[in-house]
$ cat start08.cif   # mmCIF, N, CA and C atoms
data_data
loop_
_atom_site.label_atom_id
_atom_site.label_comp_id
_atom_site.auth_asym_id
_atom_site.auth_seq_id
_atom_site.Cartn_x
_atom_site.Cartn_y
_atom_site.Cartn_z
N ARG K 1 104.51 125.74 109.96
CA ARG K 1 104.77 124.90 111.12
C ARG K 1 104.25 123.49 110.86
N ALA K 2 105.06 122.50 111.15
CA ALA K 2 104.72 121.10 110.91
C ALA K 2 104.01 120.49 112.11
N LYS K 3 103.02 119.66 111.81
CA LYS K 3 102.34 118.89 112.84
C LYS K 3 102.89 117.46 112.79
N PRO K 4 102.80 116.72 113.90
CA PRO K 4 103.31 115.34 113.90
C PRO K 4 102.56 114.48 112.88
N ALA K 5 103.28 113.56 112.29
CA ALA K 5 102.66 112.60 111.37
C ALA K 5 101.86 111.59 112.17
N TYR K 6 100.80 111.08 111.55
CA TYR K 6 100.00 110.06 112.22
C TYR K 6 99.54 109.02 111.21
N HIS K 7 99.33 107.81 111.71
CA HIS K 7 98.95 106.66 110.90
C HIS K 7 97.44 106.57 110.86
N THR K 8 96.88 106.28 109.68
CA THR K 8 95.44 106.09 109.56
C THR K 8 95.16 104.83 108.76
N PHE K 9 93.97 104.31 108.95
CA PHE K 9 93.50 103.15 108.20
C PHE K 9 92.13 103.50 107.65
N ASP K 10 91.97 103.37 106.34
CA ASP K 10 90.69 103.64 105.70
C ASP K 10 89.88 102.35 105.68
N GLY K 11 88.88 102.27 106.54
CA GLY K 11 88.07 101.06 106.65
C GLY K 11 87.24 100.77 105.42
N THR K 12 87.03 101.77 104.57
CA THR K 12 86.26 101.57 103.35
C THR K 12 87.11 100.93 102.26
N THR K 13 88.32 101.44 102.06
CA THR K 13 89.18 100.92 100.99
C THR K 13 90.17 99.88 101.49
N GLY K 14 90.49 99.90 102.78
CA GLY K 14 91.46 98.96 103.33
C GLY K 14 92.91 99.42 103.24
N TYR K 15 93.14 100.65 102.80
CA TYR K 15 94.50 101.15 102.65
C TYR K 15 94.99 101.83 103.93
N GLU K 16 96.28 101.63 104.23
CA GLU K 16 96.94 102.30 105.34
C GLU K 16 97.65 103.54 104.80
N LYS K 17 97.64 104.60 105.60
CA LYS K 17 98.25 105.87 105.17
C LYS K 17 98.97 106.52 106.34
N TRP K 18 99.92 107.38 106.01
CA TRP K 18 100.53 108.29 106.97
C TRP K 18 100.15 109.69 106.53
N ARG K 19 99.76 110.52 107.50
CA ARG K 19 99.37 111.90 107.20
C ARG K 19 100.13 112.87 108.08
N THR K 20 100.36 114.06 107.52
CA THR K 20 100.94 115.15 108.29
C THR K 20 100.46 116.45 107.67
N SER K 21 100.77 117.54 108.33
CA SER K 21 100.38 118.85 107.83
C SER K 21 101.54 119.82 108.08
N VAL K 22 101.90 120.55 107.04
CA VAL K 22 102.93 121.57 107.15
C VAL K 22 102.32 122.87 106.63
N ASN K 23 102.35 123.90 107.46
CA ASN K 23 101.75 125.19 107.11
C ASN K 23 100.30 125.02 106.64
N ASN K 24 99.55 124.20 107.34
CA ASN K 24 98.14 123.92 107.06
C ASN K 24 97.90 123.24 105.71
N GLU K 25 98.94 122.67 105.14
CA GLU K 25 98.81 121.91 103.90
C GLU K 25 99.00 120.43 104.21
N ARG K 26 97.92 119.65 104.05
CA ARG K 26 97.95 118.24 104.41
C ARG K 26 98.68 117.42 103.34
N THR K 27 99.49 116.48 103.81
CA THR K 27 100.18 115.53 102.93
C THR K 27 99.83 114.13 103.39
N THR K 28 99.47 113.28 102.43
CA THR K 28 99.14 111.89 102.72
C THR K 28 100.04 110.99 101.88
N VAL K 29 100.60 109.97 102.51
CA VAL K 29 101.44 109.00 101.82
C VAL K 29 100.90 107.61 102.13
N MET K 30 100.68 106.83 101.08
CA MET K 30 100.21 105.46 101.24
C MET K 30 101.35 104.58 101.75
N VAL K 31 101.04 103.69 102.68
CA VAL K 31 102.06 102.82 103.26
C VAL K 31 102.68 101.93 102.18
N HIS K 32 101.88 101.44 101.23
CA HIS K 32 102.46 100.57 100.21
C HIS K 32 103.52 101.31 99.38
N HIS K 33 103.38 102.62 99.20
CA HIS K 33 104.41 103.39 98.50
C HIS K 33 105.70 103.43 99.32
N LEU K 34 105.55 103.64 100.62
CA LEU K 34 106.73 103.67 101.48
C LEU K 34 107.47 102.34 101.48
N VAL K 35 106.72 101.24 101.47
CA VAL K 35 107.34 99.91 101.45
C VAL K 35 108.10 99.71 100.14
N LEU K 36 107.50 100.07 99.02
CA LEU K 36 108.19 99.91 97.73
C LEU K 36 109.50 100.71 97.70
N ILE K 37 109.46 101.93 98.22
CA ILE K 37 110.67 102.76 98.25
C ILE K 37 111.72 102.15 99.18
N ALA K 38 111.29 101.65 100.33
CA ALA K 38 112.22 101.00 101.26
C ALA K 38 112.85 99.77 100.64
N GLU K 39 112.13 99.13 99.71
CA GLU K 39 112.64 97.94 99.03
C GLU K 39 113.48 98.28 97.79
N GLY K 40 113.70 99.57 97.52
CA GLY K 40 114.61 99.97 96.46
C GLY K 40 113.98 100.57 95.22
N GLU K 41 112.66 100.68 95.16
CA GLU K 41 112.03 101.30 93.99
C GLU K 41 112.33 102.80 93.98
N ASP K 42 112.39 103.37 92.80
CA ASP K 42 112.66 104.79 92.60
C ASP K 42 111.42 105.60 93.00
N PRO K 43 111.54 106.51 93.97
CA PRO K 43 110.38 107.30 94.38
C PRO K 43 109.71 108.07 93.24
N SER K 44 110.50 108.52 92.27
CA SER K 44 109.90 109.27 91.16
C SER K 44 109.00 108.37 90.32
N VAL K 45 109.25 107.07 90.31
CA VAL K 45 108.39 106.12 89.61
C VAL K 45 107.20 105.74 90.50
N VAL K 46 107.47 105.47 91.76
CA VAL K 46 106.41 105.08 92.70
C VAL K 46 105.32 106.14 92.75
N PHE K 47 105.70 107.42 92.75
CA PHE K 47 104.73 108.51 92.87
C PHE K 47 104.29 109.07 91.52
N SER K 48 104.71 108.46 90.44
CA SER K 48 104.34 108.96 89.11
C SER K 48 102.91 108.59 88.77
N GLU K 49 102.35 109.29 87.81
CA GLU K 49 100.98 109.03 87.36
C GLU K 49 100.88 107.76 86.51
N GLY K 50 101.99 107.28 85.99
CA GLY K 50 101.97 106.15 85.07
C GLY K 50 102.03 104.77 85.72
N PHE K 51 102.22 104.71 87.04
CA PHE K 51 102.38 103.42 87.72
C PHE K 51 101.45 103.32 88.91
N ASP K 52 101.07 102.09 89.22
CA ASP K 52 100.25 101.76 90.38
C ASP K 52 100.94 100.67 91.19
N THR K 53 100.53 100.56 92.43
CA THR K 53 100.98 99.46 93.27
C THR K 53 99.88 98.40 93.26
N HIS K 54 100.24 97.20 92.86
CA HIS K 54 99.30 96.08 92.85
C HIS K 54 99.54 95.23 94.09
N HIS K 55 98.46 94.95 94.84
CA HIS K 55 98.51 94.03 95.97
C HIS K 55 98.14 92.65 95.41
N LYS K 56 99.12 91.80 95.28
CA LYS K 56 98.95 90.52 94.57
C LYS K 56 97.83 89.66 95.12
N ASN K 57 97.65 89.66 96.44
CA ASN K 57 96.62 88.80 97.02
C ASN K 57 95.26 89.50 97.14
N GLY K 58 95.18 90.74 96.67
CA GLY K 58 93.92 91.46 96.65
C GLY K 58 93.56 92.17 97.94
N PHE K 59 94.41 92.09 98.96
CA PHE K 59 94.13 92.74 100.24
C PHE K 59 94.96 94.02 100.36
N PRO K 60 94.33 95.19 100.26
CA PRO K 60 95.09 96.44 100.30
C PRO K 60 95.79 96.73 101.61
N SER K 61 95.42 96.04 102.67
CA SER K 61 96.10 96.26 103.95
C SER K 61 97.32 95.36 104.12
N ASP K 62 97.55 94.44 103.17
CA ASP K 62 98.71 93.54 103.23
C ASP K 62 99.87 94.19 102.49
N ASN K 63 100.68 94.92 103.24
CA ASN K 63 101.78 95.68 102.65
C ASN K 63 103.14 95.00 102.78
N ARG K 64 103.13 93.67 102.89
CA ARG K 64 104.40 92.94 102.90
C ARG K 64 105.05 93.12 101.52
N PRO K 65 106.37 93.30 101.47
CA PRO K 65 107.05 93.51 100.18
C PRO K 65 106.73 92.43 99.14
N GLU K 66 106.62 91.18 99.57
CA GLU K 66 106.36 90.10 98.61
C GLU K 66 104.94 90.15 98.04
N ASN K 67 104.07 90.96 98.63
CA ASN K 67 102.70 91.09 98.12
C ASN K 67 102.52 92.31 97.22
N LEU K 68 103.55 93.13 97.10
CA LEU K 68 103.44 94.37 96.33
C LEU K 68 104.19 94.28 95.02
N GLU K 69 103.58 94.87 93.99
CA GLU K 69 104.21 94.90 92.66
C GLU K 69 103.92 96.26 92.04
N LEU K 70 104.96 96.94 91.60
CA LEU K 70 104.80 98.21 90.91
C LEU K 70 104.58 97.90 89.43
N ILE K 71 103.40 98.27 88.91
CA ILE K 71 103.08 97.94 87.52
C ILE K 71 102.50 99.16 86.81
N ASP K 72 102.56 99.10 85.49
CA ASP K 72 101.99 100.14 84.63
C ASP K 72 100.51 100.33 84.96
N LYS K 73 100.08 101.57 85.05
CA LYS K 73 98.70 101.90 85.44
C LYS K 73 97.67 101.24 84.52
N ARG K 74 97.92 101.23 83.21
CA ARG K 74 96.97 100.61 82.27
C ARG K 74 96.91 99.11 82.47
N LYS K 75 98.08 98.49 82.67
CA LYS K 75 98.12 97.05 82.92
C LYS K 75 97.35 96.72 84.21
N HIS K 76 97.52 97.55 85.21
CA HIS K 76 96.85 97.34 86.48
C HIS K 76 95.32 97.40 86.30
N GLY K 77 94.86 98.38 85.53
CA GLY K 77 93.43 98.50 85.26
C GLY K 77 92.89 97.28 84.53
N ARG K 78 93.63 96.80 83.53
CA ARG K 78 93.20 95.61 82.78
C ARG K 78 93.17 94.38 83.67
N LEU K 79 94.16 94.26 84.55
CA LEU K 79 94.24 93.11 85.46
C LEU K 79 93.00 93.06 86.36
N HIS K 80 92.64 94.18 86.93
CA HIS K 80 91.48 94.20 87.81
C HIS K 80 90.17 94.06 87.02
N ALA K 81 90.13 94.56 85.81
CA ALA K 81 88.93 94.38 84.98
C ALA K 81 88.72 92.90 84.69
N ARG K 82 89.80 92.17 84.40
CA ARG K 82 89.70 90.72 84.17
C ARG K 82 89.23 90.01 85.42
N GLU K 83 89.75 90.41 86.58
CA GLU K 83 89.35 89.79 87.85
C GLU K 83 87.86 90.02 88.10
N ARG K 84 87.38 91.23 87.85
CA ARG K 84 85.95 91.52 88.05
C ARG K 84 85.10 90.68 87.09
N TRP K 85 85.56 90.56 85.84
CA TRP K 85 84.82 89.79 84.83
C TRP K 85 84.72 88.33 85.28
N LYS K 86 85.84 87.76 85.76
CA LYS K 86 85.84 86.36 86.23
C LYS K 86 84.87 86.17 87.39
N ASN K 87 84.84 87.15 88.30
CA ASN K 87 83.96 87.05 89.46
C ASN K 87 82.49 87.15 89.09
N GLU K 88 82.19 87.77 87.96
CA GLU K 88 80.80 87.91 87.52
C GLU K 88 80.30 86.66 86.80
N GLN K 89 81.21 85.80 86.38
CA GLN K 89 80.81 84.59 85.64
C GLN K 89 80.22 83.54 86.54
#
$ encode --input "start08.cif" --output "structure tokens"
Amino acid sequence: RAKPAYHTFDGTTGYEKWRTSVNNERTTVMVHHLVLIAEGEDPSVVFSEGFDTHHKNGFPSDNRPENLELIDKRKHGRLHARERWKNEQ
């Protein structure tokens, strides 16, 4: 039996999510993933382990299409590592 979906906001990480439960199995979908799919990205790529969603302006709650970029997971990690390094200088 499915329960109604509901919107949540994680105040710690800043990410918006939609959650639901079917047969007591919880499913969570990040809003930025839904936006990328609505903008034409392939869901199998959006939800794959090899890609991440990058919020260009650094604000995870800013899910405007122009602020989102689907990028390779390793590239995403390097990008944020460089940003952290710059901030430490």
$ select_by_dssp --input "start08.cif" --residues "chain K" --states "strand (DSSP E)" --output "PDB file with N, CA and C atoms, keeping the file's coordinate frame"
ATOM      1  N   TYR K   6     100.800 111.080 111.550  1.00  0.00           N
ATOM      2  CA  TYR K   6     100.000 110.060 112.220  1.00  0.00           C
ATOM      3  C   TYR K   6      99.540 109.020 111.210  1.00  0.00           C
ATOM      4  N   HIS K   7      99.330 107.810 111.710  1.00  0.00           N
ATOM      5  CA  HIS K   7      98.950 106.660 110.900  1.00  0.00           C
ATOM      6  C   HIS K   7      97.440 106.570 110.860  1.00  0.00           C
ATOM      7  N   THR K   8      96.880 106.280 109.680  1.00  0.00           N
ATOM      8  CA  THR K   8      95.440 106.090 109.560  1.00  0.00           C
ATOM      9  C   THR K   8      95.160 104.830 108.760  1.00  0.00           C
ATOM     10  N   PHE K   9      93.970 104.310 108.950  1.00  0.00           N
ATOM     11  CA  PHE K   9      93.500 103.150 108.200  1.00  0.00           C
ATOM     12  C   PHE K   9      92.130 103.500 107.650  1.00  0.00           C
ATOM     13  N   GLU K  16      96.280 101.630 104.230  1.00  0.00           N
ATOM     14  CA  GLU K  16      96.940 102.300 105.340  1.00  0.00           C
ATOM     15  C   GLU K  16      97.650 103.540 104.800  1.00  0.00           C
ATOM     16  N   LYS K  17      97.640 104.600 105.600  1.00  0.00           N
ATOM     17  CA  LYS K  17      98.250 105.870 105.170  1.00  0.00           C
ATOM     18  C   LYS K  17      98.970 106.520 106.340  1.00  0.00           C
ATOM     19  N   TRP K  18      99.920 107.380 106.010  1.00  0.00           N
ATOM     20  CA  TRP K  18     100.530 108.290 106.970  1.00  0.00           C
ATOM     21  C   TRP K  18     100.150 109.690 106.530  1.00  0.00           C
ATOM     22  N   ARG K  19      99.760 110.520 107.500  1.00  0.00           N
ATOM     23  CA  ARG K  19      99.370 111.900 107.200  1.00  0.00           C
ATOM     24  C   ARG K  19     100.130 112.870 108.080  1.00  0.00           C
ATOM     25  N   THR K  20     100.360 114.060 107.520  1.00  0.00           N
ATOM     26  CA  THR K  20     100.940 115.150 108.290  1.00  0.00           C
ATOM     27  C   THR K  20     100.460 116.450 107.670  1.00  0.00           C
ATOM     28  N   SER K  21     100.770 117.540 108.330  1.00  0.00           N
ATOM     29  CA  SER K  21     100.380 118.850 107.830  1.00  0.00           C
ATOM     30  C   SER K  21     101.540 119.820 108.080  1.00  0.00           C
ATOM     31  N   VAL K  22     101.900 120.550 107.040  1.00  0.00           N
ATOM     32  CA  VAL K  22     102.930 121.570 107.150  1.00  0.00           C
ATOM     33  C   VAL K  22     102.320 122.870 106.630  1.00  0.00           C
ATOM     34  N   GLU K  25      98.940 122.670 105.140  1.00  0.00           N
ATOM     35  CA  GLU K  25      98.810 121.910 103.900  1.00  0.00           C
ATOM     36  C   GLU K  25      99.000 120.430 104.210  1.00  0.00           C
ATOM     37  N   ARG K  26      97.920 119.650 104.050  1.00  0.00           N
ATOM     38  CA  ARG K  26      97.950 118.240 104.410  1.00  0.00           C
ATOM     39  C   ARG K  26      98.680 117.420 103.340  1.00  0.00           C
ATOM     40  N   THR K  27      99.490 116.480 103.810  1.00  0.00           N
ATOM     41  CA  THR K  27     100.180 115.530 102.930  1.00  0.00           C
ATOM     42  C   THR K  27      99.830 114.130 103.390  1.00  0.00           C
ATOM     43  N   THR K  28      99.470 113.280 102.430  1.00  0.00           N
ATOM     44  CA  THR K  28      99.140 111.890 102.720  1.00  0.00           C
ATOM     45  C   THR K  28     100.040 110.990 101.880  1.00  0.00           C
ATOM     46  N   VAL K  29     100.600 109.970 102.510  1.00  0.00           N
ATOM     47  CA  VAL K  29     101.440 109.000 101.820  1.00  0.00           C
ATOM     48  C   VAL K  29     100.900 107.610 102.130  1.00  0.00           C
ATOM     49  N   MET K  30     100.680 106.830 101.080  1.00  0.00           N
ATOM     50  CA  MET K  30     100.210 105.460 101.240  1.00  0.00           C
ATOM     51  C   MET K  30     101.350 104.580 101.750  1.00  0.00           C
ATOM     52  N   PHE K  51     102.220 104.710  87.040  1.00  0.00           N
ATOM     53  CA  PHE K  51     102.380 103.420  87.720  1.00  0.00           C
ATOM     54  C   PHE K  51     101.450 103.320  88.910  1.00  0.00           C
ATOM     55  N   ASP K  52     101.070 102.090  89.220  1.00  0.00           N
ATOM     56  CA  ASP K  52     100.250 101.760  90.380  1.00  0.00           C
ATOM     57  C   ASP K  52     100.940 100.670  91.190  1.00  0.00           C
ATOM     58  N   THR K  53     100.530 100.560  92.430  1.00  0.00           N
ATOM     59  CA  THR K  53     100.980  99.460  93.270  1.00  0.00           C
ATOM     60  C   THR K  53      99.880  98.400  93.260  1.00  0.00           C
ATOM     61  N   HIS K  54     100.240  97.200  92.860  1.00  0.00           N
ATOM     62  CA  HIS K  54      99.300  96.080  92.850  1.00  0.00           C
ATOM     63  C   HIS K  54      99.540  95.230  94.090  1.00  0.00           C
ATOM     64  N   HIS K  55      98.460  94.950  94.840  1.00  0.00           N
ATOM     65  CA  HIS K  55      98.510  94.030  95.970  1.00  0.00           C
ATOM     66  C   HIS K  55      98.140  92.650  95.410  1.00  0.00           C
ATOM     67  N   LEU K  68     103.550  93.130  97.100  1.00  0.00           N
ATOM     68  CA  LEU K  68     103.440  94.370  96.330  1.00  0.00           C
ATOM     69  C   LEU K  68     104.190  94.280  95.020  1.00  0.00           C
ATOM     70  N   GLU K  69     103.580  94.870  93.990  1.00  0.00           N
ATOM     71  CA  GLU K  69     104.210  94.900  92.660  1.00  0.00           C
ATOM     72  C   GLU K  69     103.920  96.260  92.040  1.00  0.00           C
ATOM     73  N   LEU K  70     104.960  96.940  91.600  1.00  0.00           N
ATOM     74  CA  LEU K  70     104.800  98.210  90.910  1.00  0.00           C
ATOM     75  C   LEU K  70     104.580  97.900  89.430  1.00  0.00           C
ATOM     76  N   ILE K  71     103.400  98.270  88.910  1.00  0.00           N
ATOM     77  CA  ILE K  71     103.080  97.940  87.520  1.00  0.00           C
ATOM     78  C   ILE K  71     102.500  99.160  86.810  1.00  0.00           C
ATOM     79  N   ASP K  72     102.560  99.100  85.490  1.00  0.00           N
ATOM     80  CA  ASP K  72     101.990 100.140  84.630  1.00  0.00           C
ATOM     81  C   ASP K  72     100.510 100.330  84.960  1.00  0.00           C
TER      82      ASP K  72
END
$ resolve_selection --input "start08.cif" --expression "the PyMOL selection byres ((chain K and resi 57-72) around 7)" --output "list in words"
Thr13, Gly14, Tyr15, Glu16, Val31, His32, Val35, Leu36, Gly50, Phe51, Asp52, Thr53, His54, His55, Lys56, Lys73, Arg74, Lys75, His76 and Gly77 of chain K
$ write_last_selection --input "start08.cif" --atoms "N, CA and C atoms" --output "PDB file, in the coordinates of the input"
ATOM      1  N   THR K  13      88.320 101.440 102.060  1.00  0.00           N
ATOM      2  CA  THR K  13      89.180 100.920 100.990  1.00  0.00           C
ATOM      3  C   THR K  13      90.170  99.880 101.490  1.00  0.00           C
ATOM      4  N   GLY K  14      90.490  99.900 102.780  1.00  0.00           N
ATOM      5  CA  GLY K  14      91.460  98.960 103.330  1.00  0.00           C
ATOM      6  C   GLY K  14      92.910  99.420 103.240  1.00  0.00           C
ATOM      7  N   TYR K  15      93.140 100.650 102.800  1.00  0.00           N
ATOM      8  CA  TYR K  15      94.500 101.150 102.650  1.00  0.00           C
ATOM      9  C   TYR K  15      94.990 101.830 103.930  1.00  0.00           C
ATOM     10  N   GLU K  16      96.280 101.630 104.230  1.00  0.00           N
ATOM     11  CA  GLU K  16      96.940 102.300 105.340  1.00  0.00           C
ATOM     12  C   GLU K  16      97.650 103.540 104.800  1.00  0.00           C
ATOM     13  N   VAL K  31     101.040 103.690 102.680  1.00  0.00           N
ATOM     14  CA  VAL K  31     102.060 102.820 103.260  1.00  0.00           C
ATOM     15  C   VAL K  31     102.680 101.930 102.180  1.00  0.00           C
ATOM     16  N   HIS K  32     101.880 101.440 101.230  1.00  0.00           N
ATOM     17  CA  HIS K  32     102.460 100.570 100.210  1.00  0.00           C
ATOM     18  C   HIS K  32     103.520 101.310  99.380  1.00  0.00           C
ATOM     19  N   VAL K  35     106.720 101.240 101.470  1.00  0.00           N
ATOM     20  CA  VAL K  35     107.340  99.910 101.450  1.00  0.00           C
ATOM     21  C   VAL K  35     108.100  99.710 100.140  1.00  0.00           C
ATOM     22  N   LEU K  36     107.500 100.070  99.020  1.00  0.00           N
ATOM     23  CA  LEU K  36     108.190  99.910  97.730  1.00  0.00           C
ATOM     24  C   LEU K  36     109.500 100.710  97.700  1.00  0.00           C
ATOM     25  N   GLY K  50     101.990 107.280  85.990  1.00  0.00           N
ATOM     26  CA  GLY K  50     101.970 106.150  85.070  1.00  0.00           C
ATOM     27  C   GLY K  50     102.030 104.770  85.720  1.00  0.00           C
ATOM     28  N   PHE K  51     102.220 104.710  87.040  1.00  0.00           N
ATOM     29  CA  PHE K  51     102.380 103.420  87.720  1.00  0.00           C
ATOM     30  C   PHE K  51     101.450 103.320  88.910  1.00  0.00           C
ATOM     31  N   ASP K  52     101.070 102.090  89.220  1.00  0.00           N
ATOM     32  CA  ASP K  52     100.250 101.760  90.380  1.00  0.00           C
ATOM     33  C   ASP K  52     100.940 100.670  91.190  1.00  0.00           C
ATOM     34  N   THR K  53     100.530 100.560  92.430  1.00  0.00           N
ATOM     35  CA  THR K  53     100.980  99.460  93.270  1.00  0.00           C
ATOM     36  C   THR K  53      99.880  98.400  93.260  1.00  0.00           C
ATOM     37  N   HIS K  54     100.240  97.200  92.860  1.00  0.00           N
ATOM     38  CA  HIS K  54      99.300  96.080  92.850  1.00  0.00           C
ATOM     39  C   HIS K  54      99.540  95.230  94.090  1.00  0.00           C
ATOM     40  N   HIS K  55      98.460  94.950  94.840  1.00  0.00           N
ATOM     41  CA  HIS K  55      98.510  94.030  95.970  1.00  0.00           C
ATOM     42  C   HIS K  55      98.140  92.650  95.410  1.00  0.00           C
ATOM     43  N   LYS K  56      99.120  91.800  95.280  1.00  0.00           N
ATOM     44  CA  LYS K  56      98.950  90.520  94.570  1.00  0.00           C
ATOM     45  C   LYS K  56      97.830  89.660  95.120  1.00  0.00           C
ATOM     46  N   LYS K  73     100.080 101.570  85.050  1.00  0.00           N
ATOM     47  CA  LYS K  73      98.700 101.900  85.440  1.00  0.00           C
ATOM     48  C   LYS K  73      97.670 101.240  84.520  1.00  0.00           C
ATOM     49  N   ARG K  74      97.920 101.230  83.210  1.00  0.00           N
ATOM     50  CA  ARG K  74      96.970 100.610  82.270  1.00  0.00           C
ATOM     51  C   ARG K  74      96.910  99.110  82.470  1.00  0.00           C
ATOM     52  N   LYS K  75      98.080  98.490  82.670  1.00  0.00           N
ATOM     53  CA  LYS K  75      98.120  97.050  82.920  1.00  0.00           C
ATOM     54  C   LYS K  75      97.350  96.720  84.210  1.00  0.00           C
ATOM     55  N   HIS K  76      97.520  97.550  85.210  1.00  0.00           N
ATOM     56  CA  HIS K  76      96.850  97.340  86.480  1.00  0.00           C
ATOM     57  C   HIS K  76      95.320  97.400  86.300  1.00  0.00           C
ATOM     58  N   GLY K  77      94.860  98.380  85.530  1.00  0.00           N
ATOM     59  CA  GLY K  77      93.430  98.500  85.260  1.00  0.00           C
ATOM     60  C   GLY K  77      92.890  97.280  84.530  1.00  0.00           C
TER      61      GLY K  77
END
$ select_by_dssp --input "start08.cif" --residues "stretch 15-89 of chain K" --states "helix (DSSP H, G or I)" --output "number ranges by chain"
K: 31-38, 43-46, 65-67, 73-88
$ atom_distance --input "start08.cif" --atom1 "atom CA of K:Arg19" --atom2 "atom CA of K:Gly40"
22.1 Å
$ atom_distance --input "start08.cif" --atom1 "atom CA of K:His7" --atom2 "atom N of K:Val22"
14.7 Å
$ decode --input "start08.cif" --residues "stretch 49-55 of chain K" --atoms "all heavy atoms" --output "PDB file, in the first residue's frame"
ATOM      1  N   GLU K  49      25.442   5.606 -10.708  1.00  0.00           N
ATOM      2  CA  GLU K  49      26.511   5.803  -9.726  1.00  0.00           C
ATOM      3  C   GLU K  49      27.648   6.651 -10.286  1.00  0.00           C
ATOM      4  O   GLU K  49      28.431   7.203  -9.524  1.00  0.00           O
ATOM      5  CB  GLU K  49      27.064   4.452  -9.276  1.00  0.00           C
ATOM      6  CG  GLU K  49      26.093   3.665  -8.425  1.00  0.00           C
ATOM      7  CD  GLU K  49      25.793   4.331  -7.104  1.00  0.00           C
ATOM      8  OE1 GLU K  49      26.718   4.856  -6.467  1.00  0.00           O
ATOM      9  OE2 GLU K  49      24.607   4.334  -6.711  1.00  0.00           O
ATOM     10  N   GLY K  50      27.736   6.789 -11.598  1.00  0.00           N
ATOM     11  CA  GLY K  50      28.866   7.474 -12.212  1.00  0.00           C
ATOM     12  C   GLY K  50      28.712   8.978 -12.374  1.00  0.00           C
ATOM     13  O   GLY K  50      29.659   9.652 -12.788  1.00  0.00           O
ATOM     14  N   PHE K  51      27.534   9.523 -12.060  1.00  0.00           N
ATOM     15  CA  PHE K  51      27.287  10.948 -12.267  1.00  0.00           C
ATOM     16  C   PHE K  51      26.728  11.600 -11.012  1.00  0.00           C
ATOM     17  O   PHE K  51      26.061  10.963 -10.206  1.00  0.00           O
ATOM     18  CB  PHE K  51      26.317  11.171 -13.437  1.00  0.00           C
ATOM     19  CG  PHE K  51      26.929  10.895 -14.769  1.00  0.00           C
ATOM     20  CD1 PHE K  51      26.934   9.615 -15.302  1.00  0.00           C
ATOM     21  CD2 PHE K  51      27.535  11.915 -15.494  1.00  0.00           C
ATOM     22  CE1 PHE K  51      27.515   9.348 -16.528  1.00  0.00           C
ATOM     23  CE2 PHE K  51      28.124  11.665 -16.716  1.00  0.00           C
ATOM     24  CZ  PHE K  51      28.118  10.374 -17.230  1.00  0.00           C
ATOM     25  N   ASP K  52      27.018  12.881 -10.873  1.00  0.00           N
ATOM     26  CA  ASP K  52      26.502  13.707  -9.787  1.00  0.00           C
ATOM     27  C   ASP K  52      25.852  14.949 -10.366  1.00  0.00           C
ATOM     28  O   ASP K  52      26.159  15.354 -11.486  1.00  0.00           O
ATOM     29  CB  ASP K  52      27.632  14.183  -8.860  1.00  0.00           C
ATOM     30  CG  ASP K  52      28.078  13.145  -7.869  1.00  0.00           C
ATOM     31  OD1 ASP K  52      27.316  12.207  -7.574  1.00  0.00           O
ATOM     32  OD2 ASP K  52      29.209  13.278  -7.368  1.00  0.00           O
ATOM     33  N   THR K  53      25.018  15.569  -9.560  1.00  0.00           N
ATOM     34  CA  THR K  53      24.453  16.862  -9.919  1.00  0.00           C
ATOM     35  C   THR K  53      25.270  17.937  -9.221  1.00  0.00           C
ATOM     36  O   THR K  53      25.414  17.914  -8.000  1.00  0.00           O
ATOM     37  CB  THR K  53      22.991  16.974  -9.468  1.00  0.00           C
ATOM     38  OG1 THR K  53      22.257  15.898 -10.041  1.00  0.00           O
ATOM     39  CG2 THR K  53      22.382  18.300  -9.907  1.00  0.00           C
ATOM     40  N   HIS K  54      25.808  18.853  -9.996  1.00  0.00           N
ATOM     41  CA  HIS K  54      26.581  19.967  -9.448  1.00  0.00           C
ATOM     42  C   HIS K  54      25.696  21.202  -9.409  1.00  0.00           C
ATOM     43  O   HIS K  54      25.067  21.557 -10.402  1.00  0.00           O
ATOM     44  CB  HIS K  54      27.818  20.222 -10.312  1.00  0.00           C
ATOM     45  CG  HIS K  54      28.614  21.406  -9.875  1.00  0.00           C
ATOM     46  ND1 HIS K  54      29.223  21.477  -8.642  1.00  0.00           N
ATOM     47  CD2 HIS K  54      28.897  22.570 -10.500  1.00  0.00           C
ATOM     48  CE1 HIS K  54      29.848  22.636  -8.530  1.00  0.00           C
ATOM     49  NE2 HIS K  54      29.666  23.316  -9.642  1.00  0.00           N
ATOM     50  N   HIS K  55      25.626  21.849  -8.230  1.00  0.00           N
ATOM     51  CA  HIS K  55      24.939  23.129  -8.086  1.00  0.00           C
ATOM     52  C   HIS K  55      25.986  24.210  -8.323  1.00  0.00           C
ATOM     53  O   HIS K  55      26.865  24.419  -7.481  1.00  0.00           O
ATOM     54  CB  HIS K  55      24.320  23.257  -6.691  1.00  0.00           C
ATOM     55  CG  HIS K  55      23.161  22.344  -6.472  1.00  0.00           C
ATOM     56  ND1 HIS K  55      23.303  21.006  -6.184  1.00  0.00           N
ATOM     57  CD2 HIS K  55      21.828  22.582  -6.502  1.00  0.00           C
ATOM     58  CE1 HIS K  55      22.107  20.470  -6.048  1.00  0.00           C
ATOM     59  NE2 HIS K  55      21.190  21.399  -6.241  1.00  0.00           N
TER      60      HIS K  55
END
